[in-house]
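Novice: Just one file: structure32.txt, with compact mmCIF, C-alpha atoms.
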```
# COMPACT_ATOMS: atom_id res chain seq x y z
CA MET T 1 102.17 10.77 -91.51
CA VAL T 2 104.20 9.09 -88.77
CA TYR T 3 106.33 5.98 -89.32
CA ASP T 4 107.50 4.25 -86.18
CA GLN T 5 111.14 3.15 -86.62
CA GLU T 6 111.25 1.90 -83.01
CA GLU T 7 114.30 3.98 -82.04
CA SER T 8 112.95 7.08 -83.74
CA LEU T 9 109.97 8.41 -85.61
CA GLU T 10 109.98 9.36 -89.27
CA TYR T 11 107.65 12.18 -90.24
CA VAL T 12 106.36 12.71 -93.70
CA LYS T 13 104.75 16.08 -93.83
CA VAL T 14 101.97 16.23 -96.36
CA GLU T 15 101.47 19.70 -97.75
CA SER T 16 98.18 21.38 -96.84
CA PHE T 17 95.27 20.79 -99.15
CA ILE T 18 91.71 22.00 -99.00
CA VAL T 19 88.89 19.51 -98.71
CA LYS T 20 85.36 20.76 -99.21
CA ALA T 21 82.92 18.88 -97.00
CA ALA T 22 80.62 18.07 -99.93
CA GLU T 23 83.49 16.47 -101.85
CA TYR T 24 85.04 14.44 -99.07
CA THR T 25 84.61 11.14 -100.91
CA ASP T 26 86.72 12.34 -103.80
CA ILE T 27 89.93 13.50 -102.18
CA VAL T 28 93.03 13.67 -104.35
CA LEU T 29 96.05 13.22 -102.11
CA PRO T 30 99.10 15.42 -102.60
CA ALA T 31 102.01 13.82 -104.40
CA SER T 32 104.05 13.44 -101.20
CA ALA T 33 101.43 11.06 -99.80
CA VAL T 34 101.06 8.86 -102.86
CA ASP T 35 102.77 5.45 -103.23
CA ARG T 36 103.97 5.33 -99.68
CA PRO T 37 103.32 2.48 -97.24
CA VAL T 38 100.53 2.98 -94.73
CA PRO T 39 101.99 4.94 -91.81
CA ASN T 40 101.60 3.99 -88.16
CA ALA T 41 99.53 7.08 -87.62
CA PHE T 42 98.03 9.95 -89.50
CA ILE T 43 98.21 13.19 -87.55
CA ILE T 44 95.61 15.55 -88.89
CA ASN T 45 95.64 19.32 -88.59
CA ASP T 46 98.78 19.10 -86.47
CA SER T 47 99.39 22.84 -86.61
CA GLU T 48 95.76 23.54 -85.74
CA LEU T 49 95.36 25.82 -88.74
CA ALA T 50 91.95 24.51 -89.71
CA TYR T 51 88.59 24.68 -88.01
CA GLY T 52 86.42 21.64 -87.58
CA MET T 53 86.14 18.31 -85.89
CA PHE T 54 88.90 15.94 -86.90
CA MET T 55 88.37 12.22 -86.53
CA ILE T 56 91.45 10.15 -85.90
CA ASP T 57 91.18 6.77 -87.57
CA GLU T 58 91.13 3.65 -85.40
CA ARG T 59 94.60 2.43 -86.40
CA SER T 60 96.21 5.79 -85.67
CA LEU T 61 94.31 6.09 -82.41
CA LYS T 62 95.62 2.69 -81.24
CA TRP T 63 99.20 3.68 -82.05
CA LEU T 64 98.78 7.03 -80.31
CA ASP T 65 97.42 5.30 -77.19
CA PHE T 66 100.97 4.12 -76.53
CA ASN T 67 103.11 6.63 -78.43
CA LEU T 68 101.62 10.10 -78.12
CA ALA T 69 104.36 11.15 -75.70
CA ARG T 70 106.99 10.30 -78.32
CA LEU T 71 105.79 13.04 -80.66
CA PRO T 72 108.43 15.72 -80.15
CA ASP T 73 106.32 18.79 -80.86
CA ARG T 74 104.11 20.07 -78.02
CA LEU T 75 101.53 21.61 -80.36
CA THR T 76 101.15 18.31 -82.19
CA ARG T 77 100.66 16.41 -78.94
CA GLN T 78 98.16 19.02 -77.86
CA ALA T 79 96.27 18.81 -81.17
CA VAL T 80 96.00 15.02 -80.82
CA MET T 81 94.86 15.36 -77.20
CA LEU T 82 92.13 17.83 -78.18
CA GLN T 83 90.98 15.72 -81.11
CA THR T 84 90.79 12.59 -78.93
CA LEU T 85 88.82 14.37 -76.21
CA LEU T 86 86.45 15.81 -78.81
CA MET T 87 85.91 12.31 -80.22
CA MET T 88 85.03 11.08 -76.71
CA GLN T 89 82.63 13.99 -76.25
CA HIS T 90 80.79 13.12 -79.45
CA GLY T 91 80.68 9.39 -78.77
CA HIS T 92 83.19 8.44 -81.48
CA CYS T 93 85.48 6.66 -79.04
CA SER T 94 85.26 5.33 -75.52
CA ILE T 95 85.73 7.68 -72.58
CA TYR T 96 87.97 4.99 -71.09
CA LYS T 97 90.60 5.97 -73.66
CA ILE T 98 91.32 8.80 -71.25
CA GLN T 99 93.42 6.32 -69.28
CA TYR T 100 95.85 5.93 -72.21
CA LEU T 101 95.80 9.65 -72.85
CA LEU T 102 96.70 10.44 -69.24
CA GLU T 103 99.51 7.89 -69.26
CA GLN T 104 100.92 9.56 -72.36
CA LEU T 105 100.79 12.93 -70.59
CA ASN T 106 102.67 11.68 -67.53
CA ASP T 107 105.86 13.41 -68.66
CA GLU T 108 104.14 16.47 -70.12
CA THR T 109 105.69 19.61 -68.68
CA SER T 110 103.70 22.23 -70.57
CA THR T 111 101.25 23.89 -68.19
CA ILE T 112 99.36 25.16 -71.24
CA THR T 113 98.62 21.63 -72.37
CA LEU T 114 97.86 20.46 -68.84
CA ASP T 115 95.58 23.43 -68.25
CA LEU T 116 93.70 22.60 -71.45
CA LEU T 117 93.24 19.04 -70.25
CA TYR T 118 91.97 20.36 -66.91
CA LYS T 119 89.51 22.78 -68.51
CA ILE T 120 88.08 20.19 -70.89
CA MET T 121 87.67 17.54 -68.21
CA TYR T 122 86.21 20.05 -65.76
CA LYS T 123 83.62 21.12 -68.32
CA ALA T 124 83.01 17.47 -69.19
CA GLN T 125 81.56 16.97 -65.71
CA SER T 126 78.58 19.15 -66.53
CA ASN T 127 78.52 18.96 -70.32
CA TRP T 128 79.06 15.45 -71.60
CA LEU T 129 80.15 13.00 -68.91
CA PRO T 130 77.34 10.64 -67.83
CA LEU T 131 77.00 10.45 -64.05
CA ASP T 132 77.53 6.68 -63.97
CA LEU T 133 80.95 7.05 -65.67
CA ALA T 134 81.97 10.24 -63.90
CA ALA T 135 83.23 8.64 -60.68
CA GLN T 136 85.84 6.54 -62.51
CA VAL T 137 86.89 9.31 -64.86
CA ASN T 138 87.14 11.94 -62.10
CA LYS T 139 89.27 9.55 -60.04
CA MET T 140 91.61 8.97 -62.99
CA VAL T 141 92.03 12.71 -63.58
CA ALA T 142 92.50 13.45 -59.87
CA ASP T 143 95.14 10.70 -59.58
CA PHE T 144 96.87 11.99 -62.70
CA PHE T 145 97.36 15.47 -61.26
CA ILE T 146 98.23 14.21 -57.75
CA ILE T 147 100.90 11.83 -59.07
CA LYS T 148 102.24 14.56 -61.31
CA ALA T 149 102.68 16.79 -58.25
CA PHE T 150 104.33 13.89 -56.43
CA ASN T 151 106.82 13.33 -59.27
CA SER T 152 107.71 16.99 -59.65
CA ASP T 153 110.42 18.81 -57.70
CA ASP T 154 109.22 22.17 -58.95
CA LYS T 155 107.12 23.96 -56.32
CA LYS T 156 105.11 25.86 -58.94
CA MET T 157 104.29 22.67 -60.83
CA GLN T 158 103.31 20.95 -57.58
CA GLN T 159 100.98 23.80 -56.70
CA PHE T 160 99.55 23.88 -60.21
CA CYS T 161 98.82 20.15 -60.20
CA ILE T 162 97.40 19.96 -56.67
CA LEU T 163 95.08 22.89 -57.39
CA LYS T 164 93.86 21.19 -60.56
CA SER T 165 93.35 17.86 -58.80
CA ILE T 166 90.98 19.26 -56.17
CA ASP T 167 88.13 19.75 -58.65
CA PHE T 168 88.20 16.04 -59.45
CA ILE T 169 88.42 14.73 -55.88
CA PHE T 170 85.17 13.11 -54.77
CA GLU T 171 86.27 9.73 -53.37
CA GLN T 172 86.36 9.33 -49.59
CA GLU T 173 90.01 8.20 -49.49
CA ASP T 174 91.09 11.30 -51.41
CA LEU T 175 88.90 13.58 -49.29
CA ASP T 176 90.54 12.03 -46.21
CA MET T 177 93.95 12.78 -47.72
CA LEU T 178 93.02 16.46 -48.00
CA LYS T 179 91.94 16.43 -44.36
CA SER T 180 95.22 14.84 -43.28
CA TRP T 181 97.18 17.78 -44.75
CA TYR T 182 95.80 19.94 -41.93
CA LEU T 183 95.27 17.41 -39.15
CA GLU T 184 98.48 15.40 -39.54
CA HIS T 185 100.92 17.46 -41.61
CA GLY T 186 100.55 20.98 -40.23
CA GLY T 187 99.11 22.50 -43.41
CA LYS T 188 101.63 20.86 -45.76
CA VAL T 189 100.65 18.81 -48.76
CA CYS T 190 101.54 15.16 -48.28
CA VAL T 191 101.12 12.71 -51.14
CA MET T 192 101.96 9.01 -50.76
CA GLU T 193 103.99 9.77 -47.62
CA LYS T 194 106.02 12.46 -49.36
CA VAL T 195 105.63 15.99 -48.00
CA LEU T 196 105.75 18.38 -50.94
CA GLU T 197 107.67 21.64 -50.79
CA MET T 198 104.79 23.73 -52.10
CA SER T 199 102.69 25.90 -49.81
CA ILE T 200 98.91 26.06 -49.74
CA SER T 201 97.49 29.42 -50.82
CA THR T 202 94.53 30.95 -48.98
CA GLU T 203 92.25 30.41 -51.98
CA MET T 204 93.28 26.77 -52.13
CA SER T 205 92.56 26.46 -48.41
CA TYR T 206 88.99 27.68 -48.95
CA THR T 207 88.39 25.04 -51.61
CA ILE T 208 90.00 22.31 -49.53
CA PHE T 209 88.09 23.37 -46.42
CA LYS T 210 84.75 22.93 -48.17
CA LYS T 211 85.79 19.49 -49.38
CA ILE T 212 87.13 18.48 -45.98
CA TYR T 213 83.93 19.52 -44.25
CA LYS T 214 81.90 17.15 -46.38
CA SER T 215 84.39 14.40 -45.68
CA ALA T 216 84.54 15.04 -41.92
CA ALA T 217 80.78 15.00 -41.63
CA MET T 218 80.72 11.44 -42.92
CA THR T 219 83.61 9.98 -40.99
CA ASP T 220 83.57 11.70 -37.59
CA MET W 1 91.44 26.18 -39.64
CA PHE W 2 90.29 29.78 -39.90
CA GLU W 3 90.13 30.39 -36.16
CA GLY W 4 90.42 34.08 -35.30
CA HIS W 5 89.70 35.16 -38.89
CA GLN W 6 86.30 36.65 -39.76
CA THR W 7 86.56 38.16 -43.22
CA ASP W 8 83.54 38.06 -45.55
CA SER W 9 85.22 35.41 -47.70
CA ILE W 10 85.83 33.14 -44.73
CA MET W 11 82.32 33.59 -43.39
CA ARG W 12 80.90 32.70 -46.81
CA VAL W 13 83.07 29.60 -47.00
CA GLN W 14 82.00 28.60 -43.48
CA GLN W 15 78.33 29.12 -44.32
CA GLU W 16 78.65 27.08 -47.51
CA ALA W 17 80.48 24.35 -45.64
CA MET W 18 77.79 24.20 -42.94
CA LEU W 19 75.06 23.81 -45.55
CA SER W 20 77.15 21.19 -47.36
CA ASP W 21 76.71 18.75 -44.51
CA PRO W 22 75.14 15.65 -46.03
CA ASP W 23 72.26 15.65 -43.56
CA PRO W 24 68.72 14.89 -44.79
CA ARG W 25 67.33 17.71 -42.61
CA ILE W 26 69.62 20.24 -44.31
CA LYS W 27 68.62 18.93 -47.74
CA ALA W 28 64.93 19.34 -46.78
CA TYR W 29 65.62 22.86 -45.52
CA LEU W 30 67.45 23.78 -48.72
CA TRP W 31 64.76 22.28 -50.94
CA ASN W 32 62.00 24.18 -49.15
CA ASN W 33 63.87 27.43 -49.61
CA LEU W 34 64.85 26.77 -53.19
CA SER W 35 61.62 25.37 -54.58
CA LYS W 36 58.99 27.59 -52.95
CA PRO W 37 58.76 30.90 -54.82
CA GLU W 38 57.67 32.82 -51.74
CA SER W 39 60.79 31.70 -49.79
CA ALA W 40 63.17 31.77 -52.74
CA SER W 41 62.35 35.36 -53.66
CA LYS W 42 63.47 36.54 -50.22
CA ILE W 43 66.95 35.03 -50.55
CA SER W 44 69.71 37.08 -52.18
CA LEU W 45 70.75 35.83 -55.60
CA TYR W 46 74.26 35.07 -54.28
CA ASP W 47 72.88 32.92 -51.47
CA TYR W 48 70.30 31.30 -53.73
CA ASN W 49 73.03 30.16 -56.14
CA MET W 50 75.21 29.00 -53.24
CA MET W 51 72.31 26.98 -51.81
CA LEU W 52 71.71 25.35 -55.19
CA ARG W 53 75.40 24.47 -55.42
CA VAL W 54 75.48 22.73 -52.05
CA PHE W 55 72.07 21.12 -52.50
CA PHE W 56 72.87 19.14 -55.64
CA GLN W 57 76.37 17.69 -55.60
CA PRO W 58 75.95 14.81 -58.03
CA PHE W 59 79.54 13.56 -57.92
CA ILE W 60 79.53 12.81 -54.19
CA HIS W 61 77.47 9.65 -53.89
CA TYR W 62 76.06 10.25 -50.42
CA HIS W 63 74.91 13.73 -51.44
CA TYR W 64 73.40 12.34 -54.62
CA GLU W 65 71.43 9.67 -52.79
CA LEU W 66 70.00 12.24 -50.38
CA VAL W 67 68.62 14.43 -53.17
CA LEU W 68 67.20 11.66 -55.36
CA PRO W 69 63.61 12.10 -54.04
CA TYR W 70 63.81 15.83 -54.72
CA LEU W 71 65.05 15.33 -58.26
CA GLU W 72 61.79 13.54 -59.02
CA LEU W 73 59.92 16.62 -57.79
CA PHE W 74 61.86 18.82 -60.21
CA PHE W 75 59.61 17.88 -63.11
CA GLU W 76 56.51 18.92 -61.17
CA CYS W 77 57.70 22.19 -59.72
CA ALA W 78 59.83 23.58 -62.58
CA PRO W 79 56.87 25.19 -64.46
CA THR W 80 55.60 26.86 -61.26
CA ILE W 81 59.08 28.19 -60.48
CA VAL W 82 59.36 29.69 -63.96
CA LEU W 83 55.93 31.33 -63.69
CA LYS W 84 56.25 32.69 -60.18
CA LEU W 85 59.94 33.39 -59.57
CA ASP W 86 62.09 36.07 -61.20
CA ARG W 87 63.97 35.10 -64.32
CA MET W 88 67.47 34.99 -62.72
CA ARG W 89 66.50 32.67 -59.88
CA ALA W 90 64.29 30.56 -62.13
CA ARG W 91 67.17 30.01 -64.56
CA SER W 92 69.49 29.09 -61.70
CA PHE W 93 66.93 26.66 -60.30
CA LEU W 94 66.44 24.90 -63.63
CA ALA W 95 70.17 24.56 -64.23
CA GLY W 96 70.98 23.66 -60.64
CA VAL W 97 68.46 20.92 -59.98
CA CYS W 98 67.58 19.35 -63.34
CA PRO W 99 68.51 15.66 -63.20
CA ALA W 100 69.46 15.46 -66.89
CA ILE W 101 73.04 14.70 -65.82
CA ARG W 102 71.88 11.12 -65.17
CA GLY W 103 71.59 10.67 -68.91
CA GLU W 104 68.40 8.64 -68.63
CA LEU W 105 65.98 8.30 -71.52
CA SER W 106 63.04 8.36 -69.10
CA ASP W 107 64.12 11.88 -68.04
CA LYS W 108 64.39 12.86 -71.69
CA ALA W 109 60.80 11.68 -72.26
CA ARG W 110 59.59 13.73 -69.28
CA LEU W 111 61.40 16.84 -70.50
CA GLN W 112 59.98 16.32 -73.99
CA LYS W 113 56.50 16.04 -72.48
CA MET W 114 57.04 19.30 -70.59
CA LEU W 115 58.10 20.93 -73.86
CA ASP W 116 55.14 19.52 -75.78
CA GLU W 117 52.75 20.85 -73.16
CA VAL W 118 53.77 24.40 -74.01
CA THR W 119 52.75 24.23 -77.66
CA ASP W 120 49.61 26.41 -77.45
CA ASP W 121 50.31 30.03 -78.34
CA ASP W 122 48.38 31.26 -75.32
CA HIS W 123 50.11 28.95 -72.81
CA PRO W 124 51.46 31.14 -69.97
CA LEU W 125 54.91 29.54 -70.21
CA ARG W 126 55.22 30.45 -73.92
CA GLU W 127 56.46 33.92 -73.11
CA HIS W 128 59.33 32.51 -71.03
CA SER W 129 61.53 31.63 -73.97
CA PHE W 130 64.46 30.72 -71.69
CA TYR W 131 62.33 27.87 -70.31
CA LEU W 132 61.71 26.44 -73.78
CA ASP W 133 65.40 26.83 -74.68
CA PHE W 134 66.39 25.16 -71.43
CA LEU W 135 64.17 22.13 -72.08
CA LYS W 136 65.54 21.77 -75.61
CA ASP W 137 69.13 22.06 -74.31
CA GLN W 138 68.55 19.42 -71.65
CA ILE W 139 67.04 17.03 -74.20
CA ASN W 140 70.13 17.48 -76.38
CA TYR W 141 72.33 17.08 -73.31
CA ILE W 142 70.76 13.72 -72.46
CA GLU W 143 71.23 12.59 -76.07
CA THR W 144 74.94 13.49 -75.77
CA LEU W 145 75.28 11.57 -72.50
CA VAL W 146 73.58 8.52 -73.96
CA ARG W 147 75.88 8.64 -77.00
CA VAL W 148 79.02 8.94 -74.83
CA ARG W 149 77.85 6.06 -72.62
CA GLU W 150 77.09 3.83 -75.61
CA ALA W 151 80.52 4.48 -77.12
CA SER W 152 82.17 3.71 -73.78
CA ASN W 153 80.23 0.53 -73.07
CA LYS W 154 80.92 -1.11 -76.44
```
Take the structure I supplied and represent it as structure tokens, if you would.

Specialist:
Amino acid sequence: MVYDQEESLEYVKVESFIVKAAEYTDIVLPASAVDRPVPNAFIINDSELAYGMFMIDERSLKWLDFNLARLPDRLTRQAVMLQTLLMMQHGHCSIYKIQYLLEQLNDETSTITLDLLYKIMYKAQSNWLPLDLAAQVNKMVADFFIIKAFNSDDKKMQQFCILKSIDFIFEQEDLDMLKSWYLEHGGKVCVMEKVLEMSISTEMSYTIFKKIYKSAAMTD
Amino acid sequence: MFEGHQTDSIMRVQQEAMLSDPDPRIKAYLWNNLSKPESASKISLYDYNMMLRVFFQPFIHYHYELVLPYLELFFECAPTIVLKLDRMRARSFLAGVCPAIRGELSDKARLQKMLDEVTDDDHPLREHSFYLDFLKDQINYIETLVRVREASNK
């Protein structure tokens, strides 16, 4: 249970207890959870010890929309991210919540967490994202990774983020940006007028080339 | 960009890029090769999968608009493809061209009809269990897409 004290967060760890699915209406809470005020958020299965789909309640979800980044433990943030994405996938919350989630991951430095986000959203394209919503969502994810590369001074992180962004680039303006890296910036990655220090690998060039070709065919 | 380089990888990328041109004539060429069993069986599996990939690129709107008429034909030619083409190519064709990604209930109804048509034990498509599994999967897929859309449009 998380209590927001504005300057800091107070955690009350509730000891693990087993809930059998058939008895879910008759849960007896552990003593540490009894007689306490309602927290700002319940974080469920934060250590990811249990299997299953965990539904975050609406009140907690709203608090996490703006405070996920404040949770100090990476695994907890990751657990919340996975649970939120799973809820989107099963239609238990709006896909547009991804915007809040991405904002909360703006300062995330763990490539493990970012890679998980990438994998889930990449699979979403062919598994659970309706075509009419895909354009907006793909643009949000592409922008997220591009801006992350822009804000990073670490060459490896830049390369990581740019590579991830390419699979979500479908808008003409972004395709044109890829083209400009070769035609205007001599094979260097340039984002929002900033030339990044990273270099483009051969594999990345192949992927970019295919994207550029589609773009060039429409604009030339 | 790859001037002076002619490795297999580069040639494959160049070939894929050429066929990715959003030109209606290229889409027609690809469709004819992909959907006619006699042509499709002569193409290597690698090239067949590559052609499917460049044919249907749903997230690029001008590609999507160009293939819309062909997506309608999918429902008619899928059973023939399954009956006449080898299993590997037939599976790739079903997965690569099925318009279920639109998440439209009318597509779900058409897929359900295709499934219902194969109920007789002696129906020639009965022995192609992957076809029946595919139709069931796509019906579930559309249900998922509809659910996600409804939750997002509330």

Novice: Using only C-alpha atoms, can you tell me which of T:Ala31, T:Val38, T:Ile166, T:Leu105 comes closest to Tyr122 (chain T)?

Specialist: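 Residue with the minimum atom-to-atom distance to Tyr122 (chain T): T:Ile166.
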
Novice: Counting only C-alpha atoms, which residues of chain T come no farther than 8 Å from chain W, as a PyMOL selection string?

Specialist: chain T and resi 88-96+126-135+170-171+182+206+209-210+213-214+217-218

Novice: Axis-aligned box over every listed atom of region 114-129 of chain T, padded by 6 Å per side: centre and edges in Å to one decimal, as JSON?

Specialist:
```
{"center_x": 88.2, "center_y": 18.2, "center_z": -68.7, "size_x": 31.3, "size_y": 22.4, "size_z": 17.9}
```

Novice: Rank nothing, just name the residue among W:Lys42, W:Arg53, W:Arg110, W:Arg126 nearest to Leu83 (chain W), using all atoms listed in the file.

Specialist: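 Smallest separation from Leu83 (chain W) among the options: W:Arg126.
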
Novice: Env of Arg89 (chain W): 9 Å cut, atoms = all atoms listed in the file, seq-sep filter 4 positions within chain, self excluded. Answer as a list in words.

Specialist: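 The residues that qualify are Ala40, Ser41, Leu45, Tyr48, Asn49, Ile81, Val82, Leu85, Phe93 and Leu94 of chain W.
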
Novice: For CA of Gly96 (chain W) and CA of Lys113 (chain W), determine how far apart the two atoms are, in Å to one decimal place.

Specialist: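 Computing the Euclidean distance for CA of Gly96 (chain W) and CA of Lys113 (chain W) yields 20.2 Å.
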
Novice: Residues near region 190-196 of chain T, anyone? I mean within 9 Å using only C-alpha atoms, not counting same-chain ones fewer than 3 positions away, as a PyMOL selection string.

Specialist: chain T and resi 146-147+149-150+153+155+158+177-178+180-181+185+199

Novice: Quick one: residues within 9 Å of region 130-134 of chain W, all atoms listed in the file, excluding same-chain residues fewer than 5 positions away - as a ChimeraX atom specification?

Specialist: /W:79,82,87,90-91,94-95,115,118,125,139

Novice: How many Å lie between CA of Met51 (chain W) and CA of Asp167 (chain T), rounded to one decimal?

Specialist: 18.7 Å

Novice: Report, in Å with one decimal, the straight-line distance from CA of Gly52 (chain T) to CA of Gln78 (chain T).

Specialist: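 CA of Gly52 (chain T) sits 15.5 Å away from CA of Gln78 (chain T).
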